[in-house]
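Beneath this line is the structure, given in structure tokens, with notes to follow.
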Amino acid sequence: MKGWIRHFLLTIHLNFRNPQAIVYGYLVPVIFLFAFGSVFRSDTPPLLPQMGRILTITILGGACFGLPTALVAEREQGIWKRYRLLPVPPASLLLSAMLARVLIVASSVLVQIALARAIFGTPFPERPGAAAAAFGLVTAAFVGIGFLIAALADNVPAVQALGQCLFLPMILIGGVGVPLAVLPVWAQRVAGFLPGRYAVELLQPCFQAPAGPQGAAFRAAALAVIGLAAGVAGARLFRWEPGRRARSPQWWVAGALASWAAVGAFAWGSGRLQPVLPERAAWTNITEAEIAEIRFDGLPGDHDLAAPLAPPSPATDQMAALAGKLASWGPASLDDPGQSIRNLVALAAVADLCADPREAEIARLVLRRIAGGFDAPVARQALAWIILSPEDGRVVTKAPELGLFRHPPERLVRQRSAIYASKYLGRLLGKISD
């Protein structure tokens, strides 16, 4: 008993003395965290819908690269050959190495969760107990795969090559790096044959679903089958000395891969691989009945200090030039029309809050751009969304390319946007005279 505990502690100690292990075990996951944070910074709350994928990447890297790299490097140095001479069952030393890897990966995951909270304001898991259980199962499955890689690889470069053969497909088409909803249907179905998809789907509900990962029995079973098959194959093929090979390793590898195929085939046959569609934007859920209930009483006058709006007179040369820039303004030409309209309304709010001399004229140009650049139903839904849900979506707080360099607080921009949206929607509905 004491022997494997000492080996467990020694493995932890050596890991933290290895600069390369620190870089790959802690620095690289933090880099992934910041990369996701820069790409998905508009999430509400920030990064929350991405945490399952972020943690899966960390677990995948630690279990399928970190573990086999350490085991193979020690085997090349003859360490595992010497371990067989100790009065300790060699299998217990392998188990202690795996448990040490689980602890190392867990510490890296905790660092990511803490940094996501501190830097991006990402909430902690709603069900910590369920999150811990999901982490344990996902990590055990990937440790089994990493153990098989260690058994197959002749040297450390071979570990990297085999690891990339698993890592890249799961990142690109396995629902780990790229969201399933973005992938084509054929890639979504291929992802059903890869363990990364089930890992993400098991971890993500721990952050968002109120009751934790309920209904995840199949995902847990899929990971257990894949991890167990890989672990058994790895145990059968593991080499204690460099250069030695087990007989007929291809059959054991085929058996491990067959578990992936069996899981995917069962998921396909049971209807669990239906296409994952992109989530509808919130503004598309606004109904005409909700729009009809919006009232336009108590709005500031068009000539007041707050939310001024110029009359519909011909534009001056200066305003005509600004209208040309506004027509090609990037934030108003997004793939999401609702967000484009929110950006346009925020532009009017920024001009007003900054007391720009052109504030009333800019507000009028924004109205013309919305009325002429978007279908009427879309414009009504988007403006109602801004009124009813002022905290949703993103808002621009400056537009230097349009001569608005000052940066008013986002809170004020959202408040003023709701006022301008009311003025615009009232005119589109004919309830406010122009």
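Every chain in the structure tokens has a letter given in the order shown (A, B, ...), and although residue numbers restart at 1 in each chain, ligands are simply numbered from 1 in the order shown.
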Neighbour list for stretch 380-388 of chain A as a ChimeraX atom specification, cut-off 6 Å, only C-alpha atoms, skip fewer than 2 positions in-chain: /A:283,286,338,377-378,390,418,421
Stretch 94-284 of chain A: residues DSSP assigns to helix (DSSP H, G or I), reported as JSON, numbers by chain: {"A": [94, 95, 96, 97, 98, 99, 100, 101, 102, 103, 104, 105, 106, 107, 108, 109, 110, 111, 112, 113, 114, 115, 116, 117, 118, 119, 120, 128, 129, 130, 131, 132, 133, 134, 135, 136, 137, 138, 139, 140, 141, 142, 143, 144, 145, 146, 147, 148, 149, 150, 151, 152, 156, 157, 158, 159, 160, 161, 162, 163, 164, 165, 166, 167, 168, 169, 170, 171, 172, 173, 180, 181, 182, 185, 186, 187, 188, 189, 190, 191, 195, 196, 197, 198, 199, 200, 201, 202, 203, 205, 206, 207, 208, 217, 218, 219, 220, 221, 222, 223, 224, 225, 226, 227, 228, 229, 230, 231, 232, 233, 234, 235, 236, 237, 249, 250, 251, 252, 253, 254, 255, 256, 257, 258, 259, 260, 261, 262, 263, 264, 265, 266, 267, 268, 269, 282, 283, 284]}
Store the residues of this selection in a file with C-alpha atoms, as a short mmCIF file (atom, residue, chain, number, x, y, z; two decimals), in the first residue's frame.
```
data_model
loop_
_atom_site.label_atom_id
_atom_site.label_comp_id
_atom_site.auth_asym_id
_atom_site.auth_seq_id
_atom_site.Cartn_x
_atom_site.Cartn_y
_atom_site.Cartn_z
CA LEU A 94 0.36 2.06 -13.10
CA LEU A 95 -2.82 2.78 -11.21
CA SER A 96 -1.05 5.37 -9.06
CA ALA A 97 0.30 7.07 -12.21
CA MET A 98 -3.25 7.28 -13.60
CA LEU A 99 -4.66 8.62 -10.34
CA ALA A 100 -1.90 11.22 -10.23
CA ARG A 101 -2.85 12.27 -13.76
CA VAL A 102 -6.49 12.61 -12.73
CA LEU A 103 -5.43 14.91 -9.88
CA ILE A 104 -3.22 16.98 -12.20
CA VAL A 105 -6.04 17.37 -14.74
CA ALA A 106 -8.49 18.24 -11.95
CA SER A 107 -6.20 21.02 -10.73
CA SER A 108 -5.94 22.40 -14.25
CA VAL A 109 -9.73 22.33 -14.63
CA LEU A 110 -10.17 24.17 -11.33
CA VAL A 111 -7.69 26.83 -12.46
CA GLN A 112 -9.70 27.33 -15.66
CA ILE A 113 -13.00 27.61 -13.80
CA ALA A 114 -11.51 30.10 -11.33
CA LEU A 115 -9.96 32.23 -14.08
CA ALA A 116 -13.18 32.17 -16.11
CA ARG A 117 -15.01 33.46 -13.04
CA ALA A 118 -12.39 36.10 -12.15
CA ILE A 119 -11.77 37.45 -15.66
CA PHE A 120 -14.98 36.87 -17.60
CA PRO A 128 -20.95 21.10 -8.16
CA GLY A 129 -21.61 17.47 -7.20
CA ALA A 130 -22.91 16.59 -10.65
CA ALA A 131 -19.99 18.49 -12.20
CA ALA A 132 -17.49 16.49 -10.13
CA ALA A 133 -19.14 13.20 -11.12
CA ALA A 134 -19.18 14.19 -14.79
CA PHE A 135 -15.54 15.25 -14.61
CA GLY A 136 -14.57 11.94 -13.04
CA LEU A 137 -16.31 9.89 -15.72
CA VAL A 138 -14.99 11.97 -18.63
CA THR A 139 -11.46 11.89 -17.24
CA ALA A 140 -11.58 8.14 -16.60
CA ALA A 141 -12.66 7.53 -20.21
CA PHE A 142 -9.90 9.69 -21.65
CA VAL A 143 -7.30 8.23 -19.27
CA GLY A 144 -8.21 4.79 -20.64
CA ILE A 145 -7.60 6.09 -24.17
CA GLY A 146 -4.32 7.68 -23.06
CA PHE A 147 -3.22 4.38 -21.53
CA LEU A 148 -3.81 2.65 -24.85
CA ILE A 149 -1.75 5.31 -26.63
CA ALA A 150 1.07 4.71 -24.17
CA ALA A 151 0.92 0.99 -24.89
CA LEU A 152 1.08 1.50 -28.66
CA VAL A 156 7.43 10.23 -27.21
CA PRO A 157 7.13 11.57 -30.80
CA ALA A 158 4.86 8.61 -31.54
CA VAL A 159 2.70 9.65 -28.59
CA GLN A 160 2.29 13.10 -30.14
CA ALA A 161 1.38 11.60 -33.52
CA LEU A 162 -1.18 9.17 -32.10
CA GLY A 163 -2.59 11.84 -29.82
CA GLN A 164 -3.08 14.25 -32.70
CA CYS A 165 -4.91 11.54 -34.65
CA LEU A 166 -7.53 11.62 -31.88
CA PHE A 167 -7.30 15.25 -30.82
CA LEU A 168 -7.72 16.97 -34.19
CA PRO A 169 -10.84 15.10 -35.38
CA MET A 170 -12.56 15.70 -32.05
CA ILE A 171 -11.61 19.39 -32.11
CA LEU A 172 -12.65 19.99 -35.72
CA ILE A 173 -15.68 17.75 -36.32
CA LEU A 180 -22.15 21.08 -33.21
CA ALA A 181 -24.73 23.60 -34.42
CA VAL A 182 -22.11 25.16 -36.71
CA VAL A 185 -25.14 17.45 -40.69
CA TRP A 186 -22.69 14.78 -41.85
CA ALA A 187 -20.05 16.06 -39.38
CA GLN A 188 -22.59 16.09 -36.56
CA ARG A 189 -23.31 12.42 -37.24
CA VAL A 190 -19.62 11.57 -37.38
CA ALA A 191 -19.25 13.29 -34.00
CA PRO A 195 -16.17 10.38 -27.34
CA GLY A 196 -15.56 14.14 -27.35
CA ARG A 197 -19.20 14.88 -28.16
CA TYR A 198 -20.46 12.87 -25.21
CA ALA A 199 -17.92 14.47 -22.90
CA VAL A 200 -19.11 17.98 -23.83
CA GLU A 201 -22.77 16.99 -23.53
CA LEU A 202 -22.12 15.52 -20.09
CA LEU A 203 -20.16 18.49 -18.73
CA PRO A 205 -25.43 20.82 -18.41
CA CYS A 206 -23.58 21.05 -15.09
CA PHE A 207 -23.08 24.76 -15.81
CA GLN A 208 -26.48 25.63 -17.26
CA ALA A 217 -27.37 8.12 -18.88
CA PHE A 218 -26.54 7.23 -22.47
CA ARG A 219 -23.65 9.72 -22.64
CA ALA A 220 -22.23 8.36 -19.39
CA ALA A 221 -22.62 4.79 -20.63
CA ALA A 222 -21.01 5.67 -23.97
CA LEU A 223 -17.95 7.14 -22.25
CA ALA A 224 -17.75 4.19 -19.86
CA VAL A 225 -17.82 1.66 -22.72
CA ILE A 226 -15.21 3.56 -24.74
CA GLY A 227 -12.93 4.13 -21.75
CA LEU A 228 -13.22 0.55 -20.51
CA ALA A 229 -12.49 -0.93 -23.94
CA ALA A 230 -9.44 1.29 -24.35
CA GLY A 231 -8.24 0.54 -20.81
CA VAL A 232 -8.51 -3.22 -21.27
CA ALA A 233 -6.65 -3.03 -24.58
CA GLY A 234 -4.01 -0.81 -23.02
CA ALA A 235 -3.51 -3.20 -20.12
CA ARG A 236 -3.13 -6.13 -22.50
CA LEU A 237 -0.65 -4.32 -24.76
CA PRO A 249 -1.87 -5.71 -31.12
CA GLN A 250 -4.12 -4.88 -34.07
CA TRP A 251 -6.91 -7.06 -32.69
CA TRP A 252 -6.93 -5.24 -29.37
CA VAL A 253 -6.85 -1.88 -31.11
CA ALA A 254 -9.70 -3.03 -33.36
CA GLY A 255 -11.67 -4.03 -30.28
CA ALA A 256 -11.17 -0.59 -28.72
CA LEU A 257 -12.23 1.15 -31.93
CA ALA A 258 -15.19 -1.21 -32.24
CA SER A 259 -16.54 0.31 -29.01
CA TRP A 260 -16.56 3.73 -30.72
CA ALA A 261 -18.40 2.25 -33.70
CA ALA A 262 -20.89 0.43 -31.46
CA VAL A 263 -21.66 3.59 -29.48
CA GLY A 264 -22.12 5.62 -32.66
CA ALA A 265 -24.25 2.98 -34.33
CA PHE A 266 -26.49 2.67 -31.28
CA ALA A 267 -26.84 6.45 -31.03
CA TRP A 268 -27.73 6.64 -34.73
CA GLY A 269 -30.17 3.77 -34.57
CA ALA A 282 -34.02 35.94 -28.96
CA TRP A 283 -35.52 38.70 -31.07
CA THR A 284 -37.11 36.19 -33.45
#
```
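For the atom pair formed by atom CA of A:Val345 and atom CA of A:Ala363, the distance is 8.0 Å, given to one decimal.
Atom pair atom CA of A:Ile370 / atom CA of A:Leu334 has a distance of 13.3 Å (rounded to one decimal).
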Determine, counting only C-alpha atoms, which protein, DNA and RNA residues have an atom within 12 Å of an atom of A:Ile22; residues of the same chain fewer than 3 positions away are not included. Present the result as a list in words. Ile12, His13, Leu14, Asn15, Phe16, Arg17, Asn18, Pro19, Gly25, Tyr26, Leu27, Val28, Pro29, Val30, Gly62, Gly66, Ile104, Val105, Ser107 and Ser108 of chain A
Could those residues be written to a file, using N, CA and C atoms, as a compact mmCIF listing (two decimals), in the first residue's frame?
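Written output follows (out_8.txt):
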```txt
# COMPACT_ATOMS: atom_id res chain seq x y z
N ILE A 12 3.40 13.20 -8.80
CA ILE A 12 2.94 14.59 -8.67
C ILE A 12 4.13 15.52 -8.56
N HIS A 13 5.10 15.14 -7.72
CA HIS A 13 6.28 15.98 -7.50
C HIS A 13 7.07 16.18 -8.80
N LEU A 14 7.29 15.10 -9.53
CA LEU A 14 8.07 15.20 -10.77
C LEU A 14 7.32 16.01 -11.83
N ASN A 15 6.00 15.91 -11.82
CA ASN A 15 5.23 16.69 -12.80
C ASN A 15 5.44 18.18 -12.60
N PHE A 16 5.44 18.63 -11.34
CA PHE A 16 5.58 20.06 -11.08
C PHE A 16 7.03 20.52 -11.16
N ARG A 17 7.96 19.60 -11.30
CA ARG A 17 9.36 19.99 -11.54
C ARG A 17 9.69 20.02 -13.02
N ASN A 18 8.76 19.61 -13.84
CA ASN A 18 8.99 19.53 -15.28
C ASN A 18 8.39 20.76 -15.95
N PRO A 19 9.22 21.69 -16.48
CA PRO A 19 8.68 22.90 -17.11
C PRO A 19 7.74 22.59 -18.29
N GLY A 25 0.29 21.40 -19.27
CA GLY A 25 -0.78 21.07 -18.34
C GLY A 25 -1.57 22.26 -17.83
N TYR A 26 -0.93 23.45 -17.80
CA TYR A 26 -1.59 24.60 -17.21
C TYR A 26 -1.61 25.82 -18.13
N LEU A 27 -0.48 26.12 -18.77
CA LEU A 27 -0.44 27.32 -19.61
C LEU A 27 -1.29 27.16 -20.86
N VAL A 28 -1.18 26.01 -21.53
CA VAL A 28 -1.96 25.80 -22.75
C VAL A 28 -3.46 25.83 -22.48
N PRO A 29 -3.97 25.18 -21.42
CA PRO A 29 -5.40 25.33 -21.13
C PRO A 29 -5.83 26.77 -20.88
N VAL A 30 -4.96 27.56 -20.24
CA VAL A 30 -5.30 28.97 -20.02
C VAL A 30 -5.35 29.72 -21.35
N GLY A 62 -4.73 16.58 -21.13
CA GLY A 62 -4.02 15.99 -20.00
C GLY A 62 -4.01 14.48 -20.01
N GLY A 66 -0.66 14.12 -21.88
CA GLY A 66 0.17 14.16 -20.68
C GLY A 66 0.48 12.79 -20.12
N ILE A 104 -3.85 15.89 -11.46
CA ILE A 104 -3.22 16.98 -12.20
C ILE A 104 -4.25 17.64 -13.13
N VAL A 105 -5.02 16.81 -13.84
CA VAL A 105 -6.04 17.37 -14.74
C VAL A 105 -7.10 18.12 -13.95
N SER A 107 -6.73 19.72 -11.14
CA SER A 107 -6.20 21.02 -10.73
C SER A 107 -6.21 22.01 -11.88
N SER A 108 -5.90 21.53 -13.08
CA SER A 108 -5.94 22.40 -14.25
C SER A 108 -7.36 22.87 -14.55
```
Have a look at atom CA of A:Leu183 and atom CA of A:Val396 and let me know their distance in Å, one decimal.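 The value is 28.9 Å.
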When you look at A:Asn155 with a cut-off of 8 Å (counting only C-alpha atoms), what residues show up, excluding the ones that are within fewer than 4 positions of it in the same chain? I need them as a list in words. Val72, Ala73, Glu76 and Val159 of chain A
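When only C-alpha atoms are used to measure the gap to A:Arg41, the shortest distance among A:Tyr424, A:Glu359, A:Arg394, A:Ala321 belongs to A:Arg394.
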So which one's closest to A:Leu67, A:Val88, A:Thr11, A:Leu309, A:Phe32? Using only C-alpha atoms, please. A:Thr11
Compile the contact shell of stretch 426-433 of chain A as a ChimeraX atom specification: residues with an atom at most 12 Å away, counting only C-alpha atoms, same-chain residues fewer than 2 positions apart removed. /A:288,291-299,301-302,309,311-312,364,367-368,370-372,374-381,383-384,387,419-424
Using only C-alpha atoms for the distances, tell me which of A:Glu126, A:Glu391, A:Asp304, A:Glu241 is nearest to A:Gly78.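 Using only C-alpha atoms, A:Gly78 sits closest to A:Glu241.
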